[in-house]
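Shown next, in structure tokens, is the structure this report addresses.
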Amino acid sequence: MLWKDEGLLHLGAEAEVRSGIWLGISAVKKKRLPRTWRHPDLDRTLTRRRLEAECRAMRRLSACEIRIPALLQLDRATHTMVMSRLPGSPLIELLREGVDDASAMLSKVGGMIRQMHRQGVVHGDLSTNNILWSEEEPALVDLGLSRLTTEIEHFGIDLHVLQEILSGSHPEYEDAMSAVESGYLAFDEAAGPTPDSSGGALPSAEQVIKRLEDIRSRVRYHG
Ligand SMILES: Nc1ncnc2c1ncn2[C@@H]1O[C@H](COP(=O)(O)OP(=O)(O)O)[C@@H](O)[C@H]1O
Ligand SMILES: [Mg+2]
């Protein structure tokens, strides 16, 4: 057996996540579960799409310095992937327990998101559950809703999802989103003009933040 199980890490509506050892490596096994309320054929198609999206984004991002799990094994038949286990705790837990310098933390998160966007990847589910934190650095998991894109609206929405979660789940950190935005913008200032992705030209950080403001006012007027 390649897999030595160490127990359940997380049971969500969509997937069972277990921790264990895979060929001597500390690993995580994520098995997507069937959703019985959907027609089985449709469910299989959607599940496969997510599995593939997750692998595709992990592959694209493995070329840069963002901390993401390494894909170790993939079984399309059982919708299961094995990946390296990242250290650290989800941001949701740390923010709930209380952190000394949330702004510095969230600014690094913003920088990481910008770095991902510069690869032409949107995460699709930027919640504080899916961002881990260890040794003063953020990491990303759960890329099943990600997509490869160059469209500015997609990048803006990616940030807007995080904004909604920060204001909904962590309202005590009032400046949370502005810290994320400043890290997002600072990444471009440090790294220079955004290179084209294989899909075409990508918007700059400044353009994405401008679009985020548009999205915000659209949401405000139309609910
Ligand atoms: N590679 C990993 N390393 C460490 N923890 C992980 C890893 N993958 C998932 N987790 C933990 O398990 C939780 C659930 O995994 P996730 O991929 O987000 O599944 P779901 O789709 O059910 O949200 C994450 O919030 C994270 O705490
Ligand atoms: Mg998740």
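Residue numbering restarts at 1 for every chain of the structure tokens, chains are lettered A, B, ... in their displayed order, and ligands are numbered from 1 as they appear.
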
At a cut-off of 10 Å, can you tabulate as CSV every residue of range 40-111 of chain A near range 22-28 of chain A together with its closest atom pair and the distance in Å to one decimal, using only C-alpha atoms and ordering rows by chain then number?
```
residue,atom,partner,partner_atom,distance
A:Pro69,CA,A:Ala27,CA,9.0
A:Ala70,CA,A:Ala27,CA,9.4
A:Leu71,CA,A:Ala27,CA,9.7
A:Leu72,CA,A:Trp22,CA,8.3
A:Gln73,CA,A:Trp22,CA,9.3
A:Met81,CA,A:Val28,CA,8.3
A:Val82,CA,A:Val28,CA,5.7
A:Met83,CA,A:Val28,CA,5.4
A:Ser84,CA,A:Ala27,CA,4.3
A:Arg85,CA,A:Ala27,CA,4.4
A:Leu86,CA,A:Ala27,CA,8.1
A:Pro87,CA,A:Ser26,CA,9.7
```

What would the file look like if the residues just selected were written as a PDB file, in the first residue's frame with C-alpha atoms?
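See out.pdb below for the written result:
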```pdb
ATOM      1  CA  PRO A  69       0.457  21.310  -2.336  1.00  0.00           C
ATOM      2  CA  ALA A  70       2.374  19.135  -4.785  1.00  0.00           C
ATOM      3  CA  LEU A  71       0.196  16.646  -6.639  1.00  0.00           C
ATOM      4  CA  LEU A  72       1.395  13.131  -5.853  1.00  0.00           C
ATOM      5  CA  GLN A  73      -1.275  10.860  -7.269  1.00  0.00           C
ATOM      6  CA  MET A  81      -6.115  12.966  -5.393  1.00  0.00           C
ATOM      7  CA  VAL A  82      -3.146  12.621  -3.098  1.00  0.00           C
ATOM      8  CA  MET A  83      -1.056  15.715  -2.461  1.00  0.00           C
ATOM      9  CA  SER A  84       1.690  16.818  -0.147  1.00  0.00           C
ATOM     10  CA  ARG A  85       0.534  18.077   3.215  1.00  0.00           C
ATOM     11  CA  LEU A  86       1.225  21.743   3.874  1.00  0.00           C
ATOM     12  CA  PRO A  87       2.085  22.856   7.391  1.00  0.00           C
TER      13      PRO A  87
END
```

Quick one: contact table of chain A to ligand 1, 8 Å max, nearest atom pair and distance in Å to one decimal per residue, counting only C-alpha atoms and all ligand atoms, chain and number order, as a Markdown table?
```
| residue | atom | partner | partner_atom_place_in_ligand_line | distance |
| --- | --- | --- | --- | --- |
| A:Leu9 | CA | ligand 1 | 12 (O) | 5.9 |
| A:His10 | CA | ligand 1 | 12 (O) | 5.3 |
| A:Leu11 | CA | ligand 1 | 22 (O) | 6.3 |
| A:Gly12 | CA | ligand 1 | 22 (O) | 4.3 |
| A:Ala13 | CA | ligand 1 | 22 (O) | 6.4 |
| A:Glu14 | CA | ligand 1 | 22 (O) | 5.4 |
| A:Ala15 | CA | ligand 1 | 22 (O) | 4.6 |
| A:Glu16 | CA | ligand 1 | 22 (O) | 6.5 |
| A:Val17 | CA | ligand 1 | 12 (O) | 5.8 |
| A:Arg18 | CA | ligand 1 | 12 (O) | 7.9 |
| A:Ala27 | CA | ligand 1 | 1 (N) | 6.8 |
| A:Val28 | CA | ligand 1 | 1 (N) | 5.4 |
| A:Lys29 | CA | ligand 1 | 8 (N) | 7.9 |
| A:Lys30 | CA | ligand 1 | 17 (O) | 6.8 |
| A:Arg32 | CA | ligand 1 | 21 (O) | 8.0 |
| A:Ile68 | CA | ligand 1 | 1 (N) | 7.3 |
| A:Pro69 | CA | ligand 1 | 1 (N) | 4.8 |
| A:Ala70 | CA | ligand 1 | 1 (N) | 7.7 |
| A:Met83 | CA | ligand 1 | 1 (N) | 5.6 |
| A:Ser84 | CA | ligand 1 | 1 (N) | 5.3 |
| A:Arg85 | CA | ligand 1 | 3 (N) | 3.6 |
| A:Leu86 | CA | ligand 1 | 3 (N) | 3.8 |
| A:Pro87 | CA | ligand 1 | 4 (C) | 6.0 |
| A:Gly88 | CA | ligand 1 | 4 (C) | 7.3 |
| A:Ser89 | CA | ligand 1 | 27 (O) | 6.7 |
| A:Pro90 | CA | ligand 1 | 27 (O) | 5.5 |
| A:Asn129 | CA | ligand 1 | 25 (O) | 4.5 |
| A:Asn130 | CA | ligand 1 | 25 (O) | 4.8 |
| A:Ile131 | CA | ligand 1 | 25 (O) | 7.4 |
| A:Leu132 | CA | ligand 1 | 27 (O) | 7.1 |
| A:Val141 | CA | ligand 1 | 8 (N) | 5.4 |
| A:Asp142 | CA | ligand 1 | 17 (O) | 3.7 |
| A:Leu143 | CA | ligand 1 | 17 (O) | 7.2 |
| A:Gly144 | CA | ligand 1 | 21 (O) | 7.2 |
```

* Asked: What lies within 9 Å of Gly199 in chain A using only C-alpha atoms, ignoring chain neighbours under 6 positions off, as a PyMOL selection string?
  -> chain A and resi 120+148-150

Write the residues of the preceding selection, restricted to N, CA and C atoms, as a compact mmCIF listing (two decimals), in the first residue's frame.
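Printed below is again_27.txt as written:
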```
# COMPACT_ATOMS: atom_id res chain seq x y z
N GLY A 120 -2.15 33.93 -14.50
CA GLY A 120 -3.37 33.67 -15.26
C GLY A 120 -4.28 32.67 -14.58
N LEU A 148 -8.16 29.01 -15.57
CA LEU A 148 -7.10 29.76 -16.24
C LEU A 148 -7.81 30.82 -17.07
N THR A 149 -7.41 32.07 -16.91
CA THR A 149 -8.14 33.15 -17.58
C THR A 149 -7.25 34.37 -17.73
N THR A 150 -7.68 35.30 -18.59
CA THR A 150 -7.01 36.60 -18.65
C THR A 150 -8.05 37.70 -18.42
```

* Taking only C-alpha atoms and all ligand atoms into account, which of A:Asp43, A:Glu136, A:Asp100, A:Asp125 comes nearest ligand 2? ->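 The closest residue to ligand 2 is A:Asp125.
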
* Among range 68-164 of chain A, which residues carry a DSSP assignment of alpha helix (DSSP H), reported as a ChimeraX atom specification? -> /A:91-97,102-117,152-164

Keeping C-alpha atoms for every residue in the selection just given, could you write it to a file as a short mmCIF file (atom, residue, chain, number, x, y, z; two decimals), in the first residue's frame?
```
data_model
loop_
_atom_site.label_atom_id
_atom_site.label_comp_id
_atom_site.auth_asym_id
_atom_site.auth_seq_id
_atom_site.Cartn_x
_atom_site.Cartn_y
_atom_site.Cartn_z
CA LEU A 91 -6.51 31.66 8.31
CA ILE A 92 -10.07 31.35 9.60
CA GLU A 93 -8.80 29.76 12.81
CA LEU A 94 -5.96 32.21 13.34
CA LEU A 95 -8.15 35.26 12.77
CA ARG A 96 -10.75 33.87 15.17
CA GLU A 97 -8.14 33.19 17.84
CA ALA A 102 -3.49 41.04 10.96
CA SER A 103 -2.60 43.78 8.47
CA ALA A 104 0.86 42.39 7.79
CA MET A 105 -0.61 38.92 7.46
CA LEU A 106 -3.37 39.98 5.08
CA SER A 107 -1.02 42.09 3.04
CA LYS A 108 1.09 38.97 2.40
CA VAL A 109 -2.10 37.15 1.46
CA GLY A 110 -2.82 39.94 -1.05
CA GLY A 111 0.68 39.55 -2.48
CA MET A 112 0.18 35.82 -2.88
CA ILE A 113 -3.14 36.33 -4.65
CA ARG A 114 -1.55 38.81 -7.04
CA GLN A 115 1.24 36.36 -7.75
CA MET A 116 -1.36 33.72 -8.59
CA HIS A 117 -3.29 36.13 -10.82
CA ILE A 152 -10.23 41.22 -15.63
CA GLU A 153 -13.73 40.53 -14.29
CA HIS A 154 -12.67 37.07 -13.10
CA PHE A 155 -9.75 38.51 -11.14
CA GLY A 156 -11.95 41.20 -9.61
CA ILE A 157 -14.55 38.65 -8.54
CA ASP A 158 -11.84 36.44 -7.02
CA LEU A 159 -10.94 39.33 -4.70
CA HIS A 160 -14.55 40.22 -4.08
CA VAL A 161 -15.25 36.70 -2.78
CA LEU A 162 -12.49 37.16 -0.23
CA GLN A 163 -13.81 40.59 0.69
CA GLU A 164 -17.27 39.18 1.41
#
```

* Proximity to ligand 2 - best of A:Thr80, A:Ser19, A:Thr128, A:Thr45, only C-alpha atoms and all ligand atoms -> A:Thr128

* What are the DSSP strand (DSSP E) residues of range 11-172 of chain A, as a PyMOL selection string? -> chain A and resi 11+15-22+25-32+71-75+80-84+89-90+121-122+131-134+137-140+147-148

Keeping only N, CA and C atoms, write the selected residues to a file as a short mmCIF file (atom, residue, chain, number, x, y, z; two decimals), in the first residue's frame.
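again30.cif, freshly written:
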```cif
data_model
loop_
_atom_site.label_atom_id
_atom_site.label_comp_id
_atom_site.auth_asym_id
_atom_site.auth_seq_id
_atom_site.Cartn_x
_atom_site.Cartn_y
_atom_site.Cartn_z
N LEU A 11 -14.26 16.83 6.79
CA LEU A 11 -15.33 16.24 5.98
C LEU A 11 -16.27 17.35 5.57
N ALA A 15 -16.22 16.88 -0.26
CA ALA A 15 -15.04 16.01 -0.26
C ALA A 15 -14.69 15.55 1.15
N GLU A 16 -14.03 14.39 1.15
CA GLU A 16 -13.46 13.89 2.40
C GLU A 16 -11.95 14.06 2.31
N VAL A 17 -11.38 14.73 3.29
CA VAL A 17 -9.95 15.00 3.26
C VAL A 17 -9.29 14.26 4.42
N ARG A 18 -8.34 13.36 4.11
CA ARG A 18 -7.68 12.57 5.15
C ARG A 18 -6.19 12.86 5.16
N SER A 19 -5.60 12.74 6.31
CA SER A 19 -4.15 12.90 6.34
C SER A 19 -3.52 11.53 6.49
N GLY A 20 -2.28 11.42 6.01
CA GLY A 20 -1.60 10.14 6.06
C GLY A 20 -0.19 10.26 5.51
N ILE A 21 0.40 9.11 5.26
CA ILE A 21 1.76 9.08 4.71
C ILE A 21 1.69 8.38 3.35
N TRP A 22 2.23 9.04 2.36
CA TRP A 22 2.26 8.46 1.01
C TRP A 22 3.72 8.28 0.61
N ILE A 25 6.01 10.30 2.52
CA ILE A 25 5.79 11.75 2.53
C ILE A 25 4.53 12.06 3.32
N SER A 26 4.57 13.12 4.10
CA SER A 26 3.39 13.58 4.82
C SER A 26 2.38 14.11 3.79
N ALA A 27 1.21 13.49 3.74
CA ALA A 27 0.32 13.77 2.60
C ALA A 27 -1.14 13.91 3.02
N VAL A 28 -1.92 14.36 2.06
CA VAL A 28 -3.35 14.54 2.24
C VAL A 28 -4.05 13.83 1.08
N LYS A 29 -5.12 13.11 1.40
CA LYS A 29 -5.88 12.43 0.35
C LYS A 29 -7.25 13.08 0.29
N LYS A 30 -7.60 13.61 -0.86
CA LYS A 30 -8.89 14.29 -1.01
C LYS A 30 -9.76 13.49 -1.97
N LYS A 31 -10.85 12.99 -1.43
CA LYS A 31 -11.75 12.18 -2.25
C LYS A 31 -13.05 12.94 -2.42
N ARG A 32 -13.38 13.26 -3.64
CA ARG A 32 -14.64 13.98 -3.86
C ARG A 32 -15.79 13.00 -3.78
N LEU A 71 1.05 17.78 -6.28
CA LEU A 71 0.20 16.65 -6.64
C LEU A 71 1.04 15.38 -6.67
N LEU A 72 0.61 14.37 -5.92
CA LEU A 72 1.39 13.13 -5.85
C LEU A 72 0.74 12.00 -6.64
N GLN A 73 -0.58 11.94 -6.58
CA GLN A 73 -1.28 10.86 -7.27
C GLN A 73 -2.69 11.29 -7.60
N LEU A 74 -3.18 10.77 -8.71
CA LEU A 74 -4.52 11.15 -9.15
C LEU A 74 -5.25 9.90 -9.62
N ASP A 75 -6.47 9.70 -9.13
CA ASP A 75 -7.27 8.58 -9.61
C ASP A 75 -8.62 9.11 -10.07
N THR A 80 -10.18 10.83 -6.69
CA THR A 80 -9.32 10.99 -5.53
C THR A 80 -7.96 11.54 -5.93
N MET A 81 -7.48 12.50 -5.17
CA MET A 81 -6.12 12.97 -5.39
C MET A 81 -5.32 12.90 -4.09
N VAL A 82 -4.05 12.60 -4.25
CA VAL A 82 -3.15 12.62 -3.10
C VAL A 82 -2.17 13.76 -3.34
N MET A 83 -1.97 14.57 -2.32
CA MET A 83 -1.06 15.72 -2.46
C MET A 83 -0.22 15.87 -1.20
N SER A 84 0.84 16.61 -1.32
CA SER A 84 1.69 16.82 -0.15
C SER A 84 0.92 17.61 0.90
N SER A 89 -1.97 26.46 9.83
CA SER A 89 -3.40 26.45 10.16
C SER A 89 -4.15 27.34 9.19
N PRO A 90 -5.43 27.02 8.96
CA PRO A 90 -6.25 27.89 8.11
C PRO A 90 -6.38 29.28 8.74
N VAL A 121 -4.22 32.61 -13.24
CA VAL A 121 -5.07 31.67 -12.49
C VAL A 121 -5.96 32.45 -11.54
N VAL A 122 -7.27 32.18 -11.57
CA VAL A 122 -8.13 32.66 -10.48
C VAL A 122 -8.49 31.44 -9.62
N ILE A 131 -6.99 29.32 2.79
CA ILE A 131 -5.67 29.96 2.89
C ILE A 131 -5.04 29.48 4.19
N LEU A 132 -3.89 28.85 4.08
CA LEU A 132 -3.20 28.38 5.28
C LEU A 132 -2.07 29.35 5.60
N TRP A 133 -1.62 29.29 6.83
CA TRP A 133 -0.56 30.20 7.27
C TRP A 133 0.44 29.42 8.10
N SER A 134 1.70 29.55 7.73
CA SER A 134 2.74 28.90 8.53
C SER A 134 4.05 29.65 8.36
N GLU A 137 4.20 32.91 6.41
CA GLU A 137 3.88 32.93 4.98
C GLU A 137 2.54 32.24 4.72
N PRO A 138 1.79 32.76 3.74
CA PRO A 138 0.52 32.12 3.39
C PRO A 138 0.71 30.99 2.37
N ALA A 139 -0.29 30.13 2.30
CA ALA A 139 -0.31 29.05 1.31
C ALA A 139 -1.75 28.85 0.86
N LEU A 140 -1.92 28.21 -0.28
CA LEU A 140 -3.27 28.03 -0.85
C LEU A 140 -3.62 26.57 -1.02
N ARG A 147 -9.81 28.62 -12.41
CA ARG A 147 -9.74 28.56 -13.86
C ARG A 147 -8.58 29.38 -14.38
N LEU A 148 -8.16 29.01 -15.57
CA LEU A 148 -7.10 29.76 -16.24
C LEU A 148 -7.81 30.82 -17.07
#
```

* Interatomic distance (Å, one decimal) between CA of Ala53 in chain A and CA of Ser146 in chain A ->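 Between these atoms lies a distance of 6.0 Å.
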
* **Atom-to-atom span, CA of Met177 in chain A and CA of Ile165 in chain A, Å** =>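 These atoms are spaced 10.0 Å apart.
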
* Find, counting only C-alpha atoms and all ligand atoms, the residue in A:Leu33, A:Leu126, A:Leu61, A:Ile66 that gets nearest to ligand 2. =>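 The shortest atom-to-atom distance to ligand 2 comes from A:Leu126.
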
* To do: Pick out the closest residue to Gln119 in chain A from this set: A:Ser178, A:Ser197, A:Thr36, A:Thr78. Count only C-alpha atoms.
  =>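 Nearest candidate to Gln119 in chain A out of A:Ser178, A:Ser197, A:Thr36, A:Thr78: A:Ser197.
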
* To do: Would you work out the distance separating CA of Glu206 in chain A from CA of Leu185 in chain A, expressed in Å to one decimal?
  =>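 That distance, rounded to one decimal, is 6.4 Å.
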
* Using only C-alpha atoms, pick whichever of A:Arg118, A:Gly183, A:Leu51, A:His39 has the shortest atom-to-atom distance to Pro195 in chain A. => A:Arg118
